[in-house]
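Contents: one structure, followed by commentary.
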Amino acid sequence: MKKFLIGCLGLVVLLVIAAVVAAFTLPSEISVSRSKAVSGSPEAAYAIAGNLHDWPEWTFWSRAGDPTATWDFSGEAAQPGHTMKWVGKTWGEGEIVFTKCVPHEVIEYELTFYQGGEDMTSTGAIRFEPAAAGTDVVWSM
């Protein structure tokens, strides 16, 4: 019985060491990108994406998705510093701040979720690329 317990303990120690080694081999950053072809010009797509006041109507943080949510906006649309903050039962609390805006080309932003002192911030971009049938909108984070 003693040999069995020592064997089990040894196996657990080896598994813990393997998990720690595996964790150090994982990338420290990940990237996700999605693309959608839309009809209309890059100028028209940029105008829609550049105005955070409209985001609750068409993005993940929608009025339909969290009817309890409230939004607060500041800054000028499609300009660095343009900010949308939200608080809601479903979406929690967070904000998105435009950090770089190149008209009709790209909007870069910081997205932060506030989770009881454990803030999580990521960066992302929305690019507008002319295409034969309109515009390819490429979102990356």
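By order in the structure tokens, chains are A, B, ...; within a chain, residues start at 1; ligands start at 1, following the order shown.
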### Test item: residues at most 6 Å from Phe113 of chain A, only C-alpha atoms, excluding those fewer than 5 positions along its chain, as a list in words
Gly94, Asp119 and Met120 of chain A
### Task
From segment 42-83 of chain A, collect each residue whose DSSP state is helix (DSSP H, G or I) and return the set as JSON, numbers by chain.
{"A": [42, 43, 44, 45, 46, 47, 48, 49, 52, 53, 54, 55, 56, 57, 58]}
Selection file, N, CA and C atoms, as a JSON list (two decimals), in the first residue's frame:
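again-v3.json, written as the output of this step:
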```json
[["chain", "number", "residue", "atom", "x", "y", "z"],
["A", 42, "PRO", "N", -15.70, 52.58, -48.23],
["A", 42, "PRO", "CA", -14.97, 52.65, -46.96],
["A", 42, "PRO", "C", -15.37, 53.87, -46.15],
["A", 43, "GLU", "N", -15.68, 54.97, -46.83],
["A", 43, "GLU", "CA", -16.09, 56.19, -46.12],
["A", 43, "GLU", "C", -17.39, 55.96, -45.33],
["A", 44, "ALA", "N", -18.35, 55.28, -45.96],
["A", 44, "ALA", "CA", -19.64, 55.02, -45.30],
["A", 44, "ALA", "C", -19.45, 54.05, -44.13],
["A", 45, "ALA", "N", -18.67, 52.99, -44.31],
["A", 45, "ALA", "CA", -18.44, 52.03, -43.23],
["A", 45, "ALA", "C", -17.69, 52.68, -42.08],
["A", 46, "TYR", "N", -16.71, 53.51, -42.40],
["A", 46, "TYR", "CA", -15.93, 54.21, -41.38],
["A", 46, "TYR", "C", -16.84, 55.14, -40.57],
["A", 47, "ALA", "N", -17.76, 55.82, -41.24],
["A", 47, "ALA", "CA", -18.66, 56.74, -40.53],
["A", 47, "ALA", "C", -19.54, 56.00, -39.52],
["A", 48, "ILE", "N", -19.98, 54.80, -39.87],
["A", 48, "ILE", "CA", -20.82, 54.02, -38.95],
["A", 48, "ILE", "C", -19.98, 53.52, -37.78],
["A", 49, "ALA", "N", -18.84, 52.92, -38.06],
["A", 49, "ALA", "CA", -18.00, 52.36, -37.00],
["A", 49, "ALA", "C", -17.36, 53.44, -36.13],
["A", 52, "LEU", "N", -19.37, 55.89, -31.76],
["A", 52, "LEU", "CA", -19.68, 54.96, -30.67],
["A", 52, "LEU", "C", -21.12, 55.08, -30.17],
["A", 53, "HIS", "N", -21.77, 56.23, -30.41],
["A", 53, "HIS", "CA", -23.16, 56.39, -29.99],
["A", 53, "HIS", "C", -24.06, 55.34, -30.65],
["A", 54, "ASP", "N", -23.68, 54.87, -31.84],
["A", 54, "ASP", "CA", -24.50, 53.90, -32.57],
["A", 54, "ASP", "C", -24.15, 52.45, -32.25],
["A", 55, "TRP", "N", -23.04, 52.19, -31.58],
["A", 55, "TRP", "CA", -22.60, 50.82, -31.33],
["A", 55, "TRP", "C", -23.63, 49.97, -30.58],
["A", 56, "PRO", "N", -24.37, 50.53, -29.59],
["A", 56, "PRO", "CA", -25.36, 49.69, -28.91],
["A", 56, "PRO", "C", -26.47, 49.18, -29.83],
["A", 57, "GLU", "N", -26.58, 49.73, -31.03],
["A", 57, "GLU", "CA", -27.60, 49.30, -31.98],
["A", 57, "GLU", "C", -27.14, 48.12, -32.84],
["A", 58, "TRP", "N", -25.82, 47.94, -33.01],
["A", 58, "TRP", "CA", -25.36, 46.92, -33.96],
["A", 58, "TRP", "C", -24.20, 46.05, -33.48]]
```
### Task
Write down as number ranges by chain the residues belonging to segment 26-140 of chain A that are assigned strand (DSSP E or B) by DSSP computed on the backbone.
A: 33-38, 70-74, 83-88, 92-102, 106-114, 120-131, 134-140
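Among the candidates A:Met141, A:Pro80, A:Tyr109, A:Leu14, the one nearest to Ile30 of chain A when counting only C-alpha atoms is A:Met141.
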### Distance of atom CA of Arg34 of chain A from atom CA of Pro130 of chain A, expressed in Å to one decimal place
15.9 Å
### Summary
Judged by only C-alpha atoms, the minimum distance to Ala131 of chain A among A:Thr70, A:Asn51, A:Ser33, A:Ser39 is found for A:Ser39
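Here the question is which of A:Thr90, A:Thr121, A:Gln79, A:Ser31 gets nearest to Asp66 of chain A using only C-alpha atoms, and that residue is A:Thr90.
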### Query
If you measure from atom CA of Lys2 of chain A to atom CA of Val21 of chain A, what distance in Å do you get, rounded to one decimal?
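Atom CA of Val21 of chain A lies at a distance of 28.7 Å from atom CA of Lys2 of chain A.
Candidate residues A:Cys8, A:Ala37, A:Val16, A:Ala69 were compared for distance to Trp139 of chain A, and the nearest is A:Ala37, using only C-alpha atoms.
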